[in-house]
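Structure first, then comments.
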Amino acid sequence: MSATGPSPSIDAERLRAFVRDVPDFPEPGIVFKDITPLLSDADAFRTMIDAFVVAFGRGGVDAVVGIESRGFILAAPVADRLGASFVPARKAGKLPGPTRSVSYALEYGEATLELHEDAIGAGQRVLVLDDVLATGGTAAAVGELVTGLGGSVVGFGFLIELDFLDGASKLGDHERLSLLHY
Ligand code: AMP
């Protein structure tokens, strides 16, 4: 485990056993990090959520943004535990209200993400969570959306960081906690 910011006292390294490598998914050359074994183990799932709550709980988080779709699974329980609002960053066309959108390059393909304009208030302290930090394009794009709405990114949290893709370099000086590095 490592972080540029807070470091939880929880031993997240044992979570590694619950992450399954799926070669050549969704396309040749990609090793997909499948987190469903972790999600299906109640104790491992709670350990993951605890790690984020302990690491970011002292910072006065107003909103936790989860990135569609696996980021939702992390962000909703963390928001609940922090007494913060849960905000979904959704793929294009899914949110009904007035939205802000941003397009970016993925490790595989391209994508657009959106936030409801009224989801983040000016000056709100926002934590952004996702399952995997790969090239960093996704998380950086969501960070841009948050700051564009007047929010302040207090940190990024990931279950997994793929160090060889150097996504961290796209996240600037923001605090970052990745529970497992590959
Ligand atoms: P990136 O924008 O390259 O950092 O990609 C991050 C997003 O793509 C996250 O929402 C991940 O869920 C997904 N992703 C990218 N690479 C992988 C991978 N190797 N295994 C699982 N998910 C991935």
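Quick note on naming: the chains in the structure tokens go A, B, ... in the order shown, residues restart at 1 in each chain, and ligands are numbered from 1 in order of appearance.
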
- Message: Give me, as a list in words, all polymer residues having an atom no more than 12 Å from range 22-26 of chain A, counting only C-alpha atoms and skipping those fewer than 4 positions away in the same chain.
- Response: Ile30, Val31, Phe32, Lys33, Asp34, Ile35, Thr36, Glu107, Tyr108 and Gly109 of chain A

Write the selection just made, keeping all heavy atoms, as a tab-separated table (two decimals), in the first residue's frame?
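Below is the file that was written, selection-v4.tsv:
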```tsv
chain	number	residue	atom	x	y	z
A	30	ILE	N	-4.76	-6.63	-23.02
A	30	ILE	CA	-5.17	-6.04	-21.74
A	30	ILE	C	-5.29	-7.16	-20.70
A	30	ILE	O	-5.91	-8.19	-20.95
A	30	ILE	CB	-6.55	-5.34	-21.85
A	30	ILE	CG1	-6.52	-4.24	-22.91
A	30	ILE	CG2	-6.99	-4.80	-20.49
A	30	ILE	CD1	-5.65	-3.06	-22.59
A	31	VAL	N	-4.65	-6.94	-19.54
A	31	VAL	CA	-4.87	-7.86	-18.41
A	31	VAL	C	-5.88	-7.19	-17.49
A	31	VAL	O	-5.57	-6.23	-16.78
A	31	VAL	CB	-3.56	-8.15	-17.65
A	31	VAL	CG1	-3.85	-9.08	-16.47
A	31	VAL	CG2	-2.52	-8.76	-18.58
A	32	PHE	N	-7.10	-7.68	-17.54
A	32	PHE	CA	-8.19	-7.08	-16.79
A	32	PHE	C	-8.11	-7.49	-15.32
A	32	PHE	O	-7.95	-8.67	-15.01
A	32	PHE	CB	-9.53	-7.52	-17.38
A	32	PHE	CG	-10.72	-6.80	-16.82
A	32	PHE	CD1	-11.08	-5.56	-17.32
A	32	PHE	CD2	-11.48	-7.36	-15.80
A	32	PHE	CE1	-12.19	-4.88	-16.80
A	32	PHE	CE2	-12.58	-6.68	-15.28
A	32	PHE	CZ	-12.93	-5.44	-15.78
A	33	LYS	N	-8.21	-6.49	-14.43
A	33	LYS	CA	-8.21	-6.77	-12.99
A	33	LYS	C	-9.65	-6.96	-12.54
A	33	LYS	O	-10.40	-6.00	-12.40
A	33	LYS	CB	-7.56	-5.59	-12.23
A	33	LYS	CG	-6.08	-5.39	-12.57
A	33	LYS	CD	-5.26	-6.56	-12.08
A	33	LYS	CE	-3.78	-6.33	-12.30
A	33	LYS	NZ	-2.99	-7.54	-12.08
A	34	ASP	N	-10.01	-8.20	-12.32
A	34	ASP	CA	-11.38	-8.55	-11.93
A	34	ASP	C	-11.51	-8.51	-10.42
A	34	ASP	O	-10.86	-9.31	-9.72
A	34	ASP	CB	-11.71	-9.95	-12.48
A	34	ASP	CG	-13.08	-10.44	-12.04
A	34	ASP	OD1	-13.92	-9.60	-11.68
A	34	ASP	OD2	-13.28	-11.67	-12.07
A	35	ILE	N	-12.34	-7.60	-9.92
A	35	ILE	CA	-12.47	-7.44	-8.47
A	35	ILE	C	-13.68	-8.18	-7.91
A	35	ILE	O	-13.97	-8.08	-6.72
A	35	ILE	CB	-12.53	-5.96	-8.06
A	35	ILE	CG1	-13.81	-5.29	-8.58
A	35	ILE	CG2	-11.29	-5.22	-8.54
A	35	ILE	CD1	-14.10	-3.93	-7.92
A	36	THR	N	-14.40	-8.94	-8.75
A	36	THR	CA	-15.62	-9.60	-8.24
A	36	THR	C	-15.32	-10.61	-7.12
A	36	THR	O	-16.15	-10.75	-6.22
A	36	THR	CB	-16.44	-10.25	-9.37
A	36	THR	OG1	-15.65	-11.20	-10.08
A	36	THR	CG2	-16.97	-9.20	-10.33
A	107	GLU	N	-7.18	3.49	-21.39
A	107	GLU	CA	-6.15	2.51	-21.71
A	107	GLU	C	-6.59	1.75	-22.97
A	107	GLU	O	-5.79	1.42	-23.83
A	107	GLU	CB	-5.97	1.55	-20.54
A	107	GLU	CG	-4.85	0.55	-20.72
A	107	GLU	CD	-4.82	-0.49	-19.61
A	107	GLU	OE1	-5.71	-0.48	-18.75
A	107	GLU	OE2	-3.90	-1.32	-19.63
A	108	TYR	N	-7.91	1.49	-23.05
A	108	TYR	CA	-8.47	0.91	-24.27
A	108	TYR	C	-9.67	1.77	-24.68
A	108	TYR	O	-10.63	1.92	-23.96
A	108	TYR	CB	-8.89	-0.56	-24.07
A	108	TYR	CG	-9.52	-0.89	-22.75
A	108	TYR	CD1	-10.91	-0.77	-22.57
A	108	TYR	CD2	-8.76	-1.31	-21.67
A	108	TYR	CE1	-11.50	-1.08	-21.38
A	108	TYR	CE2	-9.35	-1.62	-20.46
A	108	TYR	CZ	-10.73	-1.50	-20.33
A	108	TYR	OH	-11.31	-1.81	-19.12
A	109	GLY	N	-9.57	2.44	-25.84
A	109	GLY	CA	-10.68	3.23	-26.36
A	109	GLY	C	-10.76	4.65	-25.85
A	109	GLY	O	-9.77	5.23	-25.40
```

Between chain A and ligand 1, at 8 Å or less, what are the per-residue closest atom pairs and their distances in Å? Count only C-alpha atoms and all ligand atoms, order by chain and rising residue number, and return it as JSON lines.
```
{"residue": "A:Ile30", "atom": "CA", "partner": "ligand 1", "partner_atom_place_in_ligand_line": "19 (N)", "distance": 6.0}
{"residue": "A:Val31", "atom": "CA", "partner": "ligand 1", "partner_atom_place_in_ligand_line": "19 (N)", "distance": 5.1}
{"residue": "A:Phe32", "atom": "CA", "partner": "ligand 1", "partner_atom_place_in_ligand_line": "20 (N)", "distance": 3.6}
{"residue": "A:Lys33", "atom": "CA", "partner": "ligand 1", "partner_atom_place_in_ligand_line": "20 (N)", "distance": 3.8}
{"residue": "A:Asp34", "atom": "CA", "partner": "ligand 1", "partner_atom_place_in_ligand_line": "21 (C)", "distance": 6.2}
{"residue": "A:Ile67", "atom": "CA", "partner": "ligand 1", "partner_atom_place_in_ligand_line": "10 (O)", "distance": 6.3}
{"residue": "A:Glu68", "atom": "CA", "partner": "ligand 1", "partner_atom_place_in_ligand_line": "10 (O)", "distance": 6.8}
{"residue": "A:Ser69", "atom": "CA", "partner": "ligand 1", "partner_atom_place_in_ligand_line": "10 (O)", "distance": 7.2}
{"residue": "A:Arg70", "atom": "CA", "partner": "ligand 1", "partner_atom_place_in_ligand_line": "12 (O)", "distance": 6.1}
{"residue": "A:Gly71", "atom": "CA", "partner": "ligand 1", "partner_atom_place_in_ligand_line": "10 (O)", "distance": 6.9}
{"residue": "A:Tyr104", "atom": "CA", "partner": "ligand 1", "partner_atom_place_in_ligand_line": "2 (O)", "distance": 7.7}
{"residue": "A:Ala105", "atom": "CA", "partner": "ligand 1", "partner_atom_place_in_ligand_line": "2 (O)", "distance": 6.7}
{"residue": "A:Leu106", "atom": "CA", "partner": "ligand 1", "partner_atom_place_in_ligand_line": "3 (O)", "distance": 4.4}
{"residue": "A:Glu107", "atom": "CA", "partner": "ligand 1", "partner_atom_place_in_ligand_line": "3 (O)", "distance": 4.1}
{"residue": "A:Tyr108", "atom": "CA", "partner": "ligand 1", "partner_atom_place_in_ligand_line": "3 (O)", "distance": 7.3}
{"residue": "A:Asp130", "atom": "CA", "partner": "ligand 1", "partner_atom_place_in_ligand_line": "10 (O)", "distance": 6.0}
{"residue": "A:Asp131", "atom": "CA", "partner": "ligand 1", "partner_atom_place_in_ligand_line": "12 (O)", "distance": 5.4}
{"residue": "A:Val132", "atom": "CA", "partner": "ligand 1", "partner_atom_place_in_ligand_line": "11 (C)", "distance": 4.5}
{"residue": "A:Leu133", "atom": "CA", "partner": "ligand 1", "partner_atom_place_in_ligand_line": "4 (O)", "distance": 4.3}
{"residue": "A:Ala134", "atom": "CA", "partner": "ligand 1", "partner_atom_place_in_ligand_line": "4 (O)", "distance": 3.4}
{"residue": "A:Thr135", "atom": "CA", "partner": "ligand 1", "partner_atom_place_in_ligand_line": "3 (O)", "distance": 3.5}
{"residue": "A:Gly136", "atom": "CA", "partner": "ligand 1", "partner_atom_place_in_ligand_line": "4 (O)", "distance": 3.5}
{"residue": "A:Gly137", "atom": "CA", "partner": "ligand 1", "partner_atom_place_in_ligand_line": "2 (O)", "distance": 3.8}
{"residue": "A:Thr138", "atom": "CA", "partner": "ligand 1", "partner_atom_place_in_ligand_line": "2 (O)", "distance": 3.6}
{"residue": "A:Ala139", "atom": "CA", "partner": "ligand 1", "partner_atom_place_in_ligand_line": "2 (O)", "distance": 6.2}
{"residue": "A:Ala140", "atom": "CA", "partner": "ligand 1", "partner_atom_place_in_ligand_line": "2 (O)", "distance": 7.9}
{"residue": "A:Leu162", "atom": "CA", "partner": "ligand 1", "partner_atom_place_in_ligand_line": "19 (N)", "distance": 7.6}
{"residue": "A:Leu165", "atom": "CA", "partner": "ligand 1", "partner_atom_place_in_ligand_line": "3 (O)", "distance": 7.9}
{"residue": "A:Gly167", "atom": "CA", "partner": "ligand 1", "partner_atom_place_in_ligand_line": "4 (O)", "distance": 6.0}
```

Generate the output file for the selected residues, N, CA, C and O atoms, as an mmCIF file, in the first residue's frame.
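And here is the file that came out, selection.cif:
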```
data_model
loop_
_atom_site.group_PDB
_atom_site.id
_atom_site.type_symbol
_atom_site.label_atom_id
_atom_site.label_comp_id
_atom_site.auth_asym_id
_atom_site.auth_seq_id
_atom_site.Cartn_x
_atom_site.Cartn_y
_atom_site.Cartn_z
ATOM 1 N N ILE A 30 -4.763 -6.625 -23.015
ATOM 2 C CA ILE A 30 -5.171 -6.044 -21.737
ATOM 3 C C ILE A 30 -5.289 -7.156 -20.696
ATOM 4 O O ILE A 30 -5.909 -8.190 -20.946
ATOM 5 N N VAL A 31 -4.651 -6.935 -19.537
ATOM 6 C CA VAL A 31 -4.871 -7.856 -18.408
ATOM 7 C C VAL A 31 -5.883 -7.191 -17.487
ATOM 8 O O VAL A 31 -5.569 -6.235 -16.775
ATOM 9 N N PHE A 32 -7.097 -7.681 -17.537
ATOM 10 C CA PHE A 32 -8.192 -7.076 -16.787
ATOM 11 C C PHE A 32 -8.109 -7.487 -15.322
ATOM 12 O O PHE A 32 -7.950 -8.670 -15.006
ATOM 13 N N LYS A 33 -8.214 -6.488 -14.430
ATOM 14 C CA LYS A 33 -8.205 -6.766 -12.990
ATOM 15 C C LYS A 33 -9.649 -6.964 -12.542
ATOM 16 O O LYS A 33 -10.399 -5.997 -12.395
ATOM 17 N N ASP A 34 -10.013 -8.202 -12.323
ATOM 18 C CA ASP A 34 -11.384 -8.551 -11.935
ATOM 19 C C ASP A 34 -11.506 -8.509 -10.416
ATOM 20 O O ASP A 34 -10.864 -9.306 -9.716
ATOM 21 N N ILE A 67 -16.937 6.538 -9.972
ATOM 22 C CA ILE A 67 -16.865 6.558 -11.431
ATOM 23 C C ILE A 67 -17.502 5.287 -11.985
ATOM 24 O O ILE A 67 -17.130 4.167 -11.607
ATOM 25 N N GLU A 68 -18.482 5.464 -12.907
ATOM 26 C CA GLU A 68 -19.212 4.329 -13.486
ATOM 27 C C GLU A 68 -18.250 3.318 -14.102
ATOM 28 O O GLU A 68 -17.345 3.718 -14.833
ATOM 29 N N SER A 69 -18.478 2.036 -13.874
ATOM 30 C CA SER A 69 -19.509 1.599 -12.958
ATOM 31 C C SER A 69 -18.929 0.990 -11.676
ATOM 32 O O SER A 69 -19.580 1.028 -10.633
ATOM 33 N N ARG A 70 -17.729 0.462 -11.748
ATOM 34 C CA ARG A 70 -17.221 -0.205 -10.543
ATOM 35 C C ARG A 70 -16.874 0.789 -9.437
ATOM 36 O O ARG A 70 -16.863 0.437 -8.252
ATOM 37 N N GLY A 71 -16.634 2.035 -9.799
ATOM 38 C CA GLY A 71 -16.387 3.046 -8.771
ATOM 39 C C GLY A 71 -17.588 3.268 -7.874
ATOM 40 O O GLY A 71 -17.440 3.633 -6.702
ATOM 41 N N TYR A 104 -12.218 11.841 -22.828
ATOM 42 C CA TYR A 104 -10.829 11.539 -22.492
ATOM 43 C C TYR A 104 -10.444 10.211 -23.109
ATOM 44 O O TYR A 104 -11.306 9.414 -23.498
ATOM 45 N N ALA A 105 -9.143 9.931 -23.154
ATOM 46 C CA ALA A 105 -8.630 8.660 -23.693
ATOM 47 C C ALA A 105 -8.505 7.636 -22.576
ATOM 48 O O ALA A 105 -8.087 7.953 -21.471
ATOM 49 N N LEU A 106 -8.886 6.384 -22.889
ATOM 50 C CA LEU A 106 -8.756 5.273 -21.948
ATOM 51 C C LEU A 106 -7.532 4.437 -22.293
ATOM 52 O O LEU A 106 -6.961 4.584 -23.370
ATOM 53 N N GLU A 107 -7.182 3.494 -21.388
ATOM 54 C CA GLU A 107 -6.150 2.506 -21.709
ATOM 55 C C GLU A 107 -6.586 1.753 -22.969
ATOM 56 O O GLU A 107 -5.789 1.417 -23.826
ATOM 57 N N TYR A 108 -7.908 1.486 -23.047
ATOM 58 C CA TYR A 108 -8.469 0.907 -24.267
ATOM 59 C C TYR A 108 -9.666 1.767 -24.683
ATOM 60 O O TYR A 108 -10.627 1.916 -23.959
ATOM 61 N N ASP A 130 -12.403 5.057 -7.562
ATOM 62 C CA ASP A 130 -12.607 4.112 -8.656
ATOM 63 C C ASP A 130 -11.866 2.817 -8.315
ATOM 64 O O ASP A 130 -11.037 2.796 -7.404
ATOM 65 N N ASP A 131 -12.165 1.764 -9.075
ATOM 66 C CA ASP A 131 -11.520 0.483 -8.754
ATOM 67 C C ASP A 131 -10.066 0.448 -9.214
ATOM 68 O O ASP A 131 -9.187 -0.014 -8.494
ATOM 69 N N VAL A 132 -9.806 0.957 -10.438
ATOM 70 C CA VAL A 132 -8.467 0.832 -11.035
ATOM 71 C C VAL A 132 -7.970 2.182 -11.551
ATOM 72 O O VAL A 132 -8.706 2.881 -12.274
ATOM 73 N N LEU A 133 -6.747 2.551 -11.197
ATOM 74 C CA LEU A 133 -6.059 3.672 -11.835
ATOM 75 C C LEU A 133 -5.117 3.069 -12.872
ATOM 76 O O LEU A 133 -4.151 2.385 -12.520
ATOM 77 N N ALA A 134 -5.434 3.312 -14.146
ATOM 78 C CA ALA A 134 -4.596 2.777 -15.229
ATOM 79 C C ALA A 134 -3.805 3.944 -15.825
ATOM 80 O O ALA A 134 -2.815 4.373 -15.240
ATOM 81 N N THR A 135 -4.238 4.499 -16.959
ATOM 82 C CA THR A 135 -3.503 5.629 -17.543
ATOM 83 C C THR A 135 -3.804 6.945 -16.824
ATOM 84 O O THR A 135 -3.121 7.942 -17.043
ATOM 85 N N GLY A 136 -4.869 6.952 -16.024
ATOM 86 C CA GLY A 136 -5.207 8.152 -15.265
ATOM 87 C C GLY A 136 -6.164 9.091 -15.966
ATOM 88 O O GLY A 136 -6.627 10.068 -15.367
ATOM 89 N N GLY A 137 -6.467 8.810 -17.237
ATOM 90 C CA GLY A 137 -7.346 9.713 -17.984
ATOM 91 C C GLY A 137 -8.727 9.853 -17.365
ATOM 92 O O GLY A 137 -9.283 10.953 -17.303
ATOM 93 N N THR A 138 -9.265 8.745 -16.896
ATOM 94 C CA THR A 138 -10.621 8.752 -16.329
ATOM 95 C C THR A 138 -10.672 9.593 -15.055
ATOM 96 O O THR A 138 -11.515 10.490 -14.920
ATOM 97 N N ALA A 139 -9.791 9.290 -14.129
ATOM 98 C CA ALA A 139 -9.807 10.004 -12.846
ATOM 99 C C ALA A 139 -9.491 11.483 -13.036
ATOM 100 O O ALA A 139 -10.120 12.348 -12.407
ATOM 101 N N ALA A 140 -8.533 11.781 -13.915
ATOM 102 C CA ALA A 140 -8.187 13.189 -14.148
ATOM 103 C C ALA A 140 -9.382 13.937 -14.742
ATOM 104 O O ALA A 140 -9.647 15.101 -14.382
ATOM 105 N N LEU A 162 -2.080 0.597 -11.488
ATOM 106 C CA LEU A 162 -1.161 -0.069 -12.415
ATOM 107 C C LEU A 162 0.030 0.858 -12.618
ATOM 108 O O LEU A 162 0.008 1.764 -13.455
ATOM 109 N N LEU A 165 1.690 2.184 -15.948
ATOM 110 C CA LEU A 165 0.982 3.118 -16.839
ATOM 111 C C LEU A 165 1.088 4.572 -16.351
ATOM 112 O O LEU A 165 0.642 5.495 -17.034
ATOM 113 N N GLY A 167 -0.422 6.499 -14.275
ATOM 114 C CA GLY A 167 -1.621 7.343 -14.169
ATOM 115 C C GLY A 167 -1.484 8.432 -13.117
ATOM 116 O O GLY A 167 -2.092 9.499 -13.232
#
```

- Every residue of range 25-174 of chain A that DSSP places in strand (DSSP E or B), as a PyMOL selection string: chain A and resi 31-34+63-67+85-91+99-105+110-116+125-133+152-161

- Among the residues of chain A, find those DSSP assigns to alpha helix (DSSP H) from the backbone and print them as a VMD selection string. chain A and resid 36 to 39 42 to 56 70 to 82 137 to 148

- Contact residues around His174 in chain A with only C-alpha atoms at 7 Å, ignoring same-chain residues under 2 positions, as an NGL selection string: :A and (154-155 or 171-172 or 176)

Polymer residues at most 10 Å from Ala119 in chain A, only C-alpha atoms, same-chain spacing of 2 or more positions, as a compact mmCIF listing (two decimals) with N, CA and C atoms, in the first residue's frame:
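Output file out23.txt is given in full below:
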```txt
# COMPACT_ATOMS: atom_id res chain seq x y z
N ALA A 63 -18.59 15.18 -0.30
CA ALA A 63 -19.17 14.34 -1.35
C ALA A 63 -18.13 13.33 -1.81
N VAL A 65 -17.41 10.98 -5.08
CA VAL A 65 -17.78 10.70 -6.47
C VAL A 65 -17.29 9.29 -6.82
N SER A 85 -22.36 13.00 0.74
CA SER A 85 -23.26 12.64 -0.35
C SER A 85 -22.51 11.76 -1.35
N PHE A 86 -23.25 10.87 -1.98
CA PHE A 86 -22.71 10.03 -3.04
C PHE A 86 -23.08 10.65 -4.38
N VAL A 87 -22.09 10.82 -5.24
CA VAL A 87 -22.31 11.44 -6.55
C VAL A 87 -21.80 10.50 -7.64
N PRO A 88 -22.69 10.06 -8.54
CA PRO A 88 -22.23 9.19 -9.63
C PRO A 88 -21.68 10.00 -10.81
N ALA A 89 -20.48 9.64 -11.25
CA ALA A 89 -19.97 10.16 -12.53
C ALA A 89 -20.34 9.12 -13.58
N THR A 99 -26.15 18.60 -17.32
CA THR A 99 -24.87 17.97 -16.97
C THR A 99 -23.68 18.76 -17.48
N LEU A 115 -21.31 14.66 -14.98
CA LEU A 115 -21.83 14.90 -13.63
C LEU A 115 -23.04 15.80 -13.76
N HIS A 116 -24.02 15.60 -12.90
CA HIS A 116 -25.10 16.58 -12.82
C HIS A 116 -24.52 17.91 -12.33
N GLU A 117 -24.94 18.99 -12.95
CA GLU A 117 -24.40 20.31 -12.59
C GLU A 117 -24.64 20.67 -11.13
N GLY A 121 -21.52 21.31 -4.92
CA GLY A 121 -21.67 22.73 -4.61
C GLY A 121 -20.32 23.43 -4.55
N VAL A 146 -15.18 18.03 -11.36
CA VAL A 146 -15.43 18.47 -9.99
C VAL A 146 -14.97 19.91 -9.79
N LEU A 149 -17.08 22.54 -11.44
CA LEU A 149 -18.34 22.85 -10.74
C LEU A 149 -18.07 23.61 -9.43
N GLY A 151 -16.05 22.57 -6.95
CA GLY A 151 -15.63 21.71 -5.86
C GLY A 151 -14.12 21.65 -5.72
```

- If you count only C-alpha atoms, the residue of A:Ser101, A:Gln124, A:Ser178, A:Thr47 closest to Val142 in chain A turns out to be A:Ser101

- Message: For a test of reading the model, state the distance in Å between CA of Phe164 in chain A and CA of Val53 in chain A, rounded to one decimal.
- Response: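 Atom-to-atom, CA of Phe164 in chain A and CA of Val53 in chain A are spaced 26.8 Å apart.
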
- Contacts of Thr112 in chain A at 7 Å (only C-alpha atoms; same-chain gap of 2+ positions) as a count of residues only: 7

- Distance criterion (only C-alpha atoms): nearest to Ala51 in chain A out of A:Gly148, A:Gly143, A:Pro77, A:Pro98: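 Ranking A:Gly148, A:Gly143, A:Pro77, A:Pro98 by distance to Ala51 in chain A, first place goes to A:Pro77.
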
- Message: For Arg81 in chain A, find every residue with an atom within 10 Å (counting only C-alpha atoms), except residues of its own chain fewer than 4 positions away, and show them as a list in words.
- Response: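 Once the nearby chain positions are removed, what remains is Ile49, Asp50, Phe52, Val53, Gly57, Ala75, Ala76 and Pro77 of chain A.
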